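Participant: Have a look at the structure that comes next, please.
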Amino acid sequence: MEFVQPRSLPEALAVKAERPEAVPIAGGTDVMVELNFDRRRPEVVLDLTRVPELGSWERSDGGVRVGAGVTYARMVTELAGDLPGLAIAARTVGSPQIRNRGTIGGNLGSASPAGDCHPPLLAVGAEVEVASASGGSRRIPADSFFAGPKQSALEPEELICAVHLPAATGPQQFAKVGTRNAMVIAVCSFALALDPSQRRVGTGIGSAGPTPLRAGGAESFLQEELTSTGRWESRRPLGETVVGRFGELVAGAARPIDDVRGTAAYRVHALGVLARRTLTWAWDRYRTGRS
Ligand SMILES: Cc1cc2nc3c(=O)[nH]c(=O)nc-3n(C[C@H](O)[C@H](O)[C@H](O)COP(=O)(O)OP(=O)(O)OC[C@H]3O[C@@H](n4cnc5c(N)ncnc54)[C@H](O)[C@@H]3O)c2cc1C
């Protein structure tokens with residue numbers, strides 16, 4: 001096995017152009033599991049940990065550009081103010097060791113329907129910036145990035161460079177059900193983003209479909225409800241009917257299967273609960289002016 005260690009992004013992209021079969025490695029928390037279990041024997045491994053362009057984040061145009069190599073630990077400590085939904089999700093990932101190594105780019109690269117970054121990215125309408133040596137860079141909306149279980153829109157010569165997210169103008173939440181409290185793949189998860197500046201509601205469902213999903217019907221319902229009743233301005237309580245209907249619409253958007261972690265029926269039920277719970281938390285914060 002050849003181990004290539006580029007020192008810059010152009011160098012890394014040149015390697016990927018020449019050897020599209022090269023397997024990128026960032027934190028290695030997915031790749032090393034595959035190698036250890038002999039599920040993968042790549043001829044070339046492309047180490048991205050020494051590519052400085054991937055390891056930073058910056059604010060630009062009311063948003064944040066998060067480099068693919070930014071770890072969960074940094075999302076928690078550095079990005080909770082601008083990107084609260086992503087930071088809450090990052091806090092639920094693995095253990096301190098996994099959060100210190102695992103990256104947002106690696107989560108996207110694996111494209112697991114259960115990846116914890118994905119629901120918050122869908123909820124805020126994030127874009128994934130990818131690049132290749134010959135094609136330059138392009139941005140893929142998060143909801144077009146996931147093509148199937150562990151499949152993405154990334155071309156063989158491309159690398160994930162960054163993720164672009166708008167800075168939060170309202171409350172964001174994320175909640176996940178696991179078979180225990182930590183070190184667990186989600187049985188199902190849900191992210192919610194309320195954006196009062198755009199009068200927008202965003203959602204993301206994890207681990208309850210072949211890809212992470214948005215609950216479009218639930219988004220339109222709540223947007224319409226908040227706008228037509230003037231609640232964005234009045235911040236009046238939502239009431240159980242609205243919260244309950246939102247939960248039903250989120251549960252109805254799931255496309256889960258039965259597997260070792262849970263049944264499809266349980267996932268649908270649990271998603272309704274997570275949707276009601278996160279909406280209640282988020283609206284309480286909004287009402288009390290804490291975001
Ligand atoms: C014990 C344990 C617990 C875990 N818990 C969770 C959890 O709670 N939630 C969760 O979502 N995940 C969890 N994971 C999975 C893993 O930690 C995450 O998916 C993590 O984000 C992977 O990031 P990484 O940097 O380690 O990726 P790597 O393992 O380095 O790479 C993952 C994939 O992405 C590709 N890749 C990496 N960077 C790029 C790039 N810049 N461009 C293109 N492709 C790239 C790689 O080729 C590979 O296919 C866990 C893993 C372990 C071992």
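Chain identifiers are assigned as A, B, and so on, following the order in which chains appear in the structure tokens; residues are numbered from 1 within each chain, and ligands are numbered from 1 in order of appearance.
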Would you return as an MDAnalysis selection string the members of region 61-215 of chain A that DSSP assigns to alpha helix (DSSP H) on this structure's backbone?

Facilitator: chainID A and resid 72:78 84:91 96:101 104:110 118:124 142:145

Participant: Excluding Leu122 (chain A) and residues on its chain fewer than 5 positions from it, collect all residues at most 10 Å away from it, counting only C-alpha atoms, and give them as a PDB file with N, CA and C atoms, in the first residue's frame.

Facilitator:
ATOM      1  N   CYS A 117     -23.415  14.769  11.045  1.00  0.00           N
ATOM      2  CA  CYS A 117     -23.340  16.134  10.491  1.00  0.00           C
ATOM      3  C   CYS A 117     -24.463  16.396   9.499  1.00  0.00           C
ATOM      4  N   GLU A 127     -23.987  24.068   1.595  1.00  0.00           N
ATOM      5  CA  GLU A 127     -23.436  23.628   0.302  1.00  0.00           C
ATOM      6  C   GLU A 127     -22.066  23.014   0.531  1.00  0.00           C
ATOM      7  N   PRO A 141     -25.392  21.605  -3.374  1.00  0.00           N
ATOM      8  CA  PRO A 141     -26.312  21.731  -2.241  1.00  0.00           C
ATOM      9  C   PRO A 141     -26.339  20.417  -1.451  1.00  0.00           C
ATOM     10  N   ALA A 142     -26.379  20.536  -0.123  1.00  0.00           N
ATOM     11  CA  ALA A 142     -26.308  19.318   0.706  1.00  0.00           C
ATOM     12  C   ALA A 142     -27.395  18.323   0.315  1.00  0.00           C
ATOM     13  N   ASP A 143     -28.585  18.823  -0.068  1.00  0.00           N
ATOM     14  CA  ASP A 143     -29.648  17.844  -0.364  1.00  0.00           C
ATOM     15  C   ASP A 143     -29.478  17.182  -1.731  1.00  0.00           C
ATOM     16  N   SER A 144     -28.467  17.589  -2.516  1.00  0.00           N
ATOM     17  CA  SER A 144     -28.164  16.848  -3.754  1.00  0.00           C
ATOM     18  C   SER A 144     -26.867  16.048  -3.594  1.00  0.00           C
ATOM     19  N   PHE A 145     -26.194  16.212  -2.469  1.00  0.00           N
ATOM     20  CA  PHE A 145     -24.880  15.574  -2.303  1.00  0.00           C
ATOM     21  C   PHE A 145     -25.008  14.056  -2.100  1.00  0.00           C
ATOM     22  N   LEU A 165     -22.089  27.236   5.246  1.00  0.00           N
ATOM     23  CA  LEU A 165     -23.358  27.293   5.980  1.00  0.00           C
ATOM     24  C   LEU A 165     -23.664  28.739   6.327  1.00  0.00           C
ATOM     25  N   ALA A 191     -32.750  17.136  12.855  1.00  0.00           N
ATOM     26  CA  ALA A 191     -32.240  18.496  13.050  1.00  0.00           C
ATOM     27  C   ALA A 191     -33.293  19.496  12.595  1.00  0.00           C
ATOM     28  N   LEU A 192     -33.370  20.606  13.324  1.00  0.00           N
ATOM     29  CA  LEU A 192     -34.324  21.663  13.010  1.00  0.00           C
ATOM     30  C   LEU A 192     -33.595  23.001  13.045  1.00  0.00           C
ATOM     31  N   ALA A 193     -33.855  23.842  12.059  1.00  0.00           N
ATOM     32  CA  ALA A 193     -33.299  25.203  12.052  1.00  0.00           C
ATOM     33  C   ALA A 193     -34.421  26.192  11.772  1.00  0.00           C
ATOM     34  N   GLY A 202     -36.087  24.820   8.416  1.00  0.00           N
ATOM     35  CA  GLY A 202     -35.314  23.767   7.755  1.00  0.00           C
ATOM     36  C   GLY A 202     -35.270  22.517   8.615  1.00  0.00           C
ATOM     37  N   THR A 203     -35.268  21.366   7.947  1.00  0.00           N
ATOM     38  CA  THR A 203     -35.229  20.093   8.687  1.00  0.00           C
ATOM     39  C   THR A 203     -34.208  19.144   8.071  1.00  0.00           C
ATOM     40  N   GLY A 204     -33.782  18.174   8.848  1.00  0.00           N
ATOM     41  CA  GLY A 204     -32.934  17.099   8.344  1.00  0.00           C
ATOM     42  C   GLY A 204     -33.197  15.840   9.151  1.00  0.00           C
ATOM     43  N   ILE A 205     -33.406  14.740   8.446  1.00  0.00           N
ATOM     44  CA  ILE A 205     -33.668  13.444   9.092  1.00  0.00           C
ATOM     45  C   ILE A 205     -32.449  12.555   8.851  1.00  0.00           C
ATOM     46  N   GLY A 206     -31.962  11.906   9.900  1.00  0.00           N
ATOM     47  CA  GLY A 206     -30.837  10.991   9.744  1.00  0.00           C
ATOM     48  C   GLY A 206     -31.239   9.565  10.072  1.00  0.00           C
ATOM     49  N   PRO A 212     -29.643  10.781   4.054  1.00  0.00           N
ATOM     50  CA  PRO A 212     -30.263  11.770   4.928  1.00  0.00           C
ATOM     51  C   PRO A 212     -31.348  12.497   4.123  1.00  0.00           C
ATOM     52  N   LEU A 213     -32.435  12.876   4.794  1.00  0.00           N
ATOM     53  CA  LEU A 213     -33.607  13.404   4.081  1.00  0.00           C
ATOM     54  C   LEU A 213     -34.061  14.726   4.683  1.00  0.00           C
ATOM     55  N   ARG A 214     -34.731  15.532   3.867  1.00  0.00           N
ATOM     56  CA  ARG A 214     -35.463  16.681   4.411  1.00  0.00           C
ATOM     57  C   ARG A 214     -36.935  16.310   4.535  1.00  0.00           C
ATOM     58  N   ALA A 215     -37.608  16.924   5.472  1.00  0.00           N
ATOM     59  CA  ALA A 215     -39.055  16.717   5.608  1.00  0.00           C
ATOM     60  C   ALA A 215     -39.728  17.952   5.026  1.00  0.00           C
TER      61      ALA A 215
END

Participant: For Ala126 (chain A), find every residue with an atom within 10 Å (counting only C-alpha atoms), except residues of its own chain fewer than 5 positions away, and show them as a tab-separated table (two decimals) with all heavy atoms, in the first residue's frame.

Facilitator:
chain	number	residue	atom	x	y	z
A	63	GLY	N	-21.98	34.05	6.34
A	63	GLY	CA	-21.95	32.59	6.51
A	63	GLY	C	-20.60	32.14	7.05
A	63	GLY	O	-19.74	32.95	7.38
A	64	VAL	N	-20.46	30.85	7.13
A	64	VAL	CA	-19.21	30.28	7.61
A	64	VAL	C	-18.77	29.21	6.62
A	64	VAL	O	-19.58	28.40	6.16
A	64	VAL	CB	-19.40	29.63	9.01
A	64	VAL	CG1	-18.06	29.14	9.56
A	64	VAL	CG2	-20.03	30.62	9.98
A	65	ARG	N	-17.48	29.27	6.27
A	65	ARG	CA	-16.90	28.24	5.41
A	65	ARG	C	-16.06	27.33	6.32
A	65	ARG	O	-15.06	27.78	6.89
A	65	ARG	CB	-16.01	28.88	4.33
A	65	ARG	CG	-15.35	27.89	3.39
A	65	ARG	CD	-14.40	28.61	2.44
A	65	ARG	NE	-13.82	27.70	1.46
A	65	ARG	CZ	-12.73	26.97	1.68
A	65	ARG	NH1	-12.09	27.04	2.84
A	65	ARG	NH2	-12.27	26.17	0.72
A	118	HIS	N	-24.95	15.33	8.86
A	118	HIS	CA	-25.80	15.55	7.69
A	118	HIS	C	-27.14	16.24	7.99
A	118	HIS	O	-27.50	17.17	7.26
A	118	HIS	CB	-26.01	14.23	6.94
A	118	HIS	CG	-24.74	13.48	6.67
A	118	HIS	ND1	-23.53	14.11	6.51
A	118	HIS	CD2	-24.48	12.15	6.56
A	118	HIS	CE1	-22.58	13.20	6.30
A	118	HIS	NE2	-23.13	12.01	6.33
A	120	PRO	N	-28.08	18.45	10.31
A	120	PRO	CA	-27.95	19.91	10.46
A	120	PRO	C	-27.55	20.61	9.16
A	120	PRO	O	-27.96	21.75	8.93
A	120	PRO	CB	-26.86	20.08	11.52
A	120	PRO	CG	-26.54	18.76	12.05
A	120	PRO	CD	-27.22	17.72	11.24
A	121	LEU	N	-26.76	19.94	8.32
A	121	LEU	CA	-26.38	20.57	7.03
A	121	LEU	C	-27.61	20.72	6.14
A	121	LEU	O	-27.81	21.75	5.49
A	121	LEU	CB	-25.31	19.74	6.31
A	121	LEU	CG	-23.96	19.59	7.02
A	121	LEU	CD1	-22.96	18.88	6.12
A	121	LEU	CD2	-23.40	20.94	7.46
A	139	ARG	N	-19.87	23.93	-6.08
A	139	ARG	CA	-20.61	23.77	-4.83
A	139	ARG	C	-21.84	22.90	-5.07
A	139	ARG	O	-22.58	23.14	-6.02
A	139	ARG	CB	-21.08	25.12	-4.32
A	139	ARG	CG	-19.98	25.98	-3.74
A	139	ARG	CD	-20.67	27.06	-2.96
A	139	ARG	NE	-19.79	28.13	-2.57
A	139	ARG	CZ	-20.18	29.10	-1.75
A	139	ARG	NH1	-21.41	29.12	-1.26
A	139	ARG	NH2	-19.36	30.05	-1.41
A	140	ILE	N	-22.04	21.93	-4.20
A	140	ILE	CA	-23.18	21.02	-4.33
A	140	ILE	C	-24.10	21.25	-3.13
A	140	ILE	O	-23.66	21.13	-1.99
A	140	ILE	CB	-22.71	19.54	-4.32
A	140	ILE	CG1	-21.60	19.32	-5.34
A	140	ILE	CG2	-23.88	18.60	-4.55
A	140	ILE	CD1	-20.92	17.95	-5.24
A	141	PRO	N	-25.39	21.61	-3.37
A	141	PRO	CA	-26.31	21.73	-2.24
A	141	PRO	C	-26.34	20.42	-1.45
A	141	PRO	O	-26.33	19.33	-2.04
A	141	PRO	CB	-27.67	22.01	-2.90
A	141	PRO	CG	-27.34	22.51	-4.27
A	141	PRO	CD	-26.05	21.86	-4.66
A	142	ALA	N	-26.38	20.54	-0.12
A	142	ALA	CA	-26.31	19.32	0.71
A	142	ALA	C	-27.39	18.32	0.32
A	142	ALA	O	-27.16	17.11	0.33
A	142	ALA	CB	-26.41	19.69	2.19
A	143	ASP	N	-28.58	18.82	-0.07
A	143	ASP	CA	-29.65	17.84	-0.36
A	143	ASP	C	-29.48	17.18	-1.73
A	143	ASP	O	-30.24	16.28	-2.07
A	143	ASP	CB	-31.06	18.41	-0.15
A	143	ASP	CG	-31.33	19.67	-0.95
A	143	ASP	OD1	-30.48	20.04	-1.77
A	143	ASP	OD2	-32.39	20.28	-0.74
A	163	VAL	N	-17.37	23.13	3.64
A	163	VAL	CA	-18.83	23.20	3.67
A	163	VAL	C	-19.21	24.65	3.98
A	163	VAL	O	-18.61	25.26	4.87
A	163	VAL	CB	-19.42	22.27	4.75
A	163	VAL	CG1	-20.94	22.25	4.66
A	163	VAL	CG2	-18.88	20.86	4.60
A	164	HIS	N	-20.16	25.19	3.23
A	164	HIS	CA	-20.62	26.57	3.44
A	164	HIS	C	-21.98	26.55	4.12
A	164	HIS	O	-22.92	25.91	3.60
A	164	HIS	CB	-20.75	27.30	2.10
A	164	HIS	CG	-19.44	27.46	1.39
A	164	HIS	ND1	-18.74	28.64	1.39
A	164	HIS	CD2	-18.69	26.57	0.68
A	164	HIS	CE1	-17.61	28.47	0.70
A	164	HIS	NE2	-17.56	27.23	0.25
A	165	LEU	N	-22.09	27.24	5.25
A	165	LEU	CA	-23.36	27.29	5.98
A	165	LEU	C	-23.66	28.74	6.33
A	165	LEU	O	-22.74	29.50	6.66
A	165	LEU	CB	-23.27	26.52	7.31
A	165	LEU	CG	-22.86	25.06	7.29
A	165	LEU	CD1	-21.37	24.92	7.46
A	165	LEU	CD2	-23.56	24.32	8.43
A	166	PRO	N	-24.96	29.13	6.29
A	166	PRO	CA	-25.30	30.47	6.78
A	166	PRO	C	-25.16	30.51	8.29
A	166	PRO	O	-25.45	29.51	8.97
A	166	PRO	CB	-26.77	30.63	6.36
A	166	PRO	CG	-27.29	29.23	6.19
A	166	PRO	CD	-26.12	28.36	5.84

Participant: Produce as a tab-separated table (two decimals) with N, CA, C and O atoms, in the first residue's frame the set of residues near ligand 1, where near means within 6 Å with only C-alpha atoms and all ligand atoms considered.

Facilitator:
chain	number	residue	atom	x	y	z
A	23	VAL	N	-7.48	6.49	-1.99
A	23	VAL	CA	-8.49	6.69	-0.94
A	23	VAL	C	-8.02	7.79	0.01
A	23	VAL	O	-7.01	7.63	0.70
A	24	PRO	N	-8.74	8.93	0.06
A	24	PRO	CA	-8.35	9.98	1.00
A	24	PRO	C	-8.52	9.50	2.43
A	24	PRO	O	-9.44	8.73	2.73
A	25	ILE	N	-7.65	9.97	3.29
A	25	ILE	CA	-7.81	9.70	4.72
A	25	ILE	C	-7.64	11.02	5.46
A	25	ILE	O	-6.68	11.76	5.21
A	26	ALA	N	-8.60	11.33	6.35
A	26	ALA	CA	-8.51	12.56	7.15
A	26	ALA	C	-8.28	12.11	8.60
A	26	ALA	O	-7.15	11.81	8.98
A	27	GLY	N	-9.35	12.01	9.40
A	27	GLY	CA	-9.17	11.50	10.77
A	27	GLY	C	-8.95	10.00	10.81
A	27	GLY	O	-8.43	9.46	11.80
A	28	GLY	N	-9.37	9.30	9.77
A	28	GLY	CA	-9.19	7.86	9.70
A	28	GLY	C	-10.18	7.06	10.53
A	28	GLY	O	-10.09	5.83	10.60
A	29	THR	N	-11.16	7.71	11.14
A	29	THR	CA	-12.05	6.97	12.05
A	29	THR	C	-13.05	6.08	11.31
A	29	THR	O	-13.63	5.19	11.92
A	30	ASP	N	-13.25	6.31	10.04
A	30	ASP	CA	-14.00	5.36	9.20
A	30	ASP	C	-13.04	4.50	8.37
A	30	ASP	O	-13.18	3.29	8.31
A	31	VAL	N	-12.04	5.16	7.76
A	31	VAL	CA	-11.14	4.42	6.86
A	31	VAL	C	-10.40	3.31	7.62
A	31	VAL	O	-10.31	2.17	7.14
A	68	ALA	N	-12.89	21.07	5.23
A	68	ALA	CA	-13.24	19.65	5.35
A	68	ALA	C	-12.51	18.97	6.51
A	68	ALA	O	-13.01	18.00	7.08
A	92	THR	N	-22.60	15.04	20.03
A	92	THR	CA	-23.15	13.69	20.25
A	92	THR	C	-22.29	12.60	19.60
A	92	THR	O	-22.58	11.42	19.74
A	93	VAL	N	-21.27	13.00	18.84
A	93	VAL	CA	-20.50	12.00	18.06
A	93	VAL	C	-19.53	11.24	18.97
A	93	VAL	O	-18.79	11.85	19.75
A	94	GLY	N	-19.54	9.91	18.82
A	94	GLY	CA	-18.53	9.03	19.39
A	94	GLY	C	-18.11	9.34	20.80
A	94	GLY	O	-18.93	9.49	21.71
A	98	ILE	N	-12.76	10.14	19.25
A	98	ILE	CA	-13.33	10.21	17.90
A	98	ILE	C	-13.58	11.68	17.53
A	98	ILE	O	-13.32	12.10	16.40
A	101	ARG	N	-10.43	13.38	16.34
A	101	ARG	CA	-9.88	12.95	15.04
A	101	ARG	C	-10.87	13.13	13.89
A	101	ARG	O	-10.48	13.53	12.79
A	102	GLY	N	-12.13	12.77	14.12
A	102	GLY	CA	-13.13	12.73	13.04
A	102	GLY	C	-13.44	14.13	12.51
A	102	GLY	O	-13.48	15.10	13.27
A	103	THR	N	-13.68	14.22	11.21
A	103	THR	CA	-13.86	15.52	10.55
A	103	THR	C	-15.20	15.58	9.82
A	103	THR	O	-15.81	14.55	9.50
A	104	ILE	N	-15.59	16.81	9.52
A	104	ILE	CA	-16.83	17.01	8.75
A	104	ILE	C	-16.67	16.47	7.33
A	104	ILE	O	-17.58	15.87	6.77
A	105	GLY	N	-15.47	16.64	6.76
A	105	GLY	CA	-15.22	16.13	5.40
A	105	GLY	C	-15.27	14.61	5.36
A	105	GLY	O	-15.77	14.02	4.40
A	106	GLY	N	-14.78	13.98	6.43
A	106	GLY	CA	-14.82	12.51	6.50
A	106	GLY	C	-16.24	12.00	6.65
A	106	GLY	O	-16.61	10.97	6.08
A	107	ASN	N	-17.05	12.71	7.42
A	107	ASN	CA	-18.46	12.32	7.57
A	107	ASN	C	-19.15	12.37	6.22
A	107	ASN	O	-19.87	11.44	5.82
A	109	GLY	N	-17.61	12.33	3.28
A	109	GLY	CA	-16.96	11.36	2.39
A	109	GLY	C	-17.55	9.97	2.57
A	109	GLY	O	-17.73	9.23	1.60
A	110	SER	N	-17.88	9.60	3.80
A	110	SER	CA	-18.49	8.28	4.04
A	110	SER	C	-19.94	8.26	3.58
A	110	SER	O	-20.46	7.21	3.22
A	115	GLY	N	-24.79	9.51	9.35
A	115	GLY	CA	-23.78	10.51	9.72
A	115	GLY	C	-24.42	11.68	10.45
A	115	GLY	O	-25.42	12.23	9.98
A	116	ASP	N	-23.85	12.06	11.58
A	116	ASP	CA	-24.53	13.06	12.43
A	116	ASP	C	-24.40	14.49	11.92
A	116	ASP	O	-25.18	15.35	12.32
A	159	LEU	N	-11.99	16.12	-4.48
A	159	LEU	CA	-11.88	16.08	-3.01
A	159	LEU	C	-12.90	17.06	-2.44
A	159	LEU	O	-13.25	18.06	-3.08
A	160	ILE	N	-13.38	16.77	-1.23
A	160	ILE	CA	-14.23	17.72	-0.51
A	160	ILE	C	-13.30	18.75	0.12
A	160	ILE	O	-12.34	18.38	0.82
A	161	CYS	N	-13.56	20.04	-0.16
A	161	CYS	CA	-12.69	21.07	0.38
A	161	CYS	C	-13.30	21.75	1.60
A	161	CYS	O	-12.58	22.10	2.53
A	183	MET	N	-21.06	6.68	21.93
A	183	MET	CA	-20.36	5.72	21.08
A	183	MET	C	-21.34	4.83	20.32
A	183	MET	O	-21.26	3.61	20.35
A	184	VAL	N	-22.28	5.47	19.65
A	184	VAL	CA	-23.34	4.68	19.04
A	184	VAL	C	-23.77	5.33	17.73
A	184	VAL	O	-23.77	6.56	17.60
A	185	ILE	N	-24.07	4.49	16.75
A	185	ILE	CA	-24.61	5.01	15.50
A	185	ILE	C	-26.09	5.29	15.73
A	185	ILE	O	-26.79	4.51	16.38

Participant: Which one of A:Arg255, A:Arg235, A:Arg261, A:Arg200 sits closest to Arg180 (chain A) if you count only C-alpha atoms?

Facilitator: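 Smallest distance to Arg180 (chain A) is found for A:Arg261.
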
Participant: Give the strand (DSSP E) residues of region 171-244 of chain A, as assigned by DSSP on the backbone, as a list of chain:residue names.

Facilitator: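 Written out, the strand (DSSP E) residues of region 171-244 of chain A are A:Gln172, A:Gln173, A:Phe174, A:Ala175, A:Lys176, A:Val177, A:Cys188, A:Ser189, A:Phe190, A:Ala191, A:Leu192, A:Ala193, A:Leu194, A:Asp195, A:Arg200, A:Val201, A:Gly202, A:Thr203, A:Gly204, A:Ile205, A:Gly206.
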
Participant: Find the residues around region 240-252 of chain A up to 6 Å (only C-alpha atoms counted), leave out those fewer than 4 positions away in its own chain, and share them as JSON, numbers by chain.

Facilitator: {"A": [215, 218, 268, 271, 272, 275, 276]}

Participant: Residues of region 169-288 of chain A that have any atom at most 10 Å from an atom of region 147-158 of chain A: could you tabulate them with the shortest-distance atom pair and the distance in Å to one decimal, using only C-alpha atoms, ordered by chain and increasing number, as a tab-separated table?

Facilitator:
residue	atom	partner	partner_atom	distance
A:Gly209	CA	A:Pro149	CA	8.5
A:Pro210	CA	A:Pro149	CA	5.1
A:Thr211	CA	A:Gly148	CA	5.4
A:Pro212	CA	A:Pro149	CA	9.0

Participant: Just the residues within 12 Å of Ser234 (chain A), please, counting only C-alpha atoms, with nothing from its chain fewer than 5 positions along; format it as a PyMOL selection string.

Facilitator: chain A and resi 196+226-229+283+286-289

Participant: To one decimal place in Å, what is the distance between CA of Glu78 (chain A) and CA of Pro119 (chain A)?

Facilitator: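 Here the two named atoms are 19.6 Å from each other.
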
Participant: Env of Gly67 (chain A): 7 Å cut, atoms = only C-alpha atoms, seq-sep filter 5 positions within chain, self excluded. Answer as a PyMOL selection string.

Facilitator: chain A and resi 54-57+161-163

Participant: Using only C-alpha atoms for the distances, tell me which of A:Val66, A:Val187, A:Leu238, A:Val273 is nearest to Glu129 (chain A).

Facilitator: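 Result for the nearest residue to Glu129 (chain A): A:Val66.
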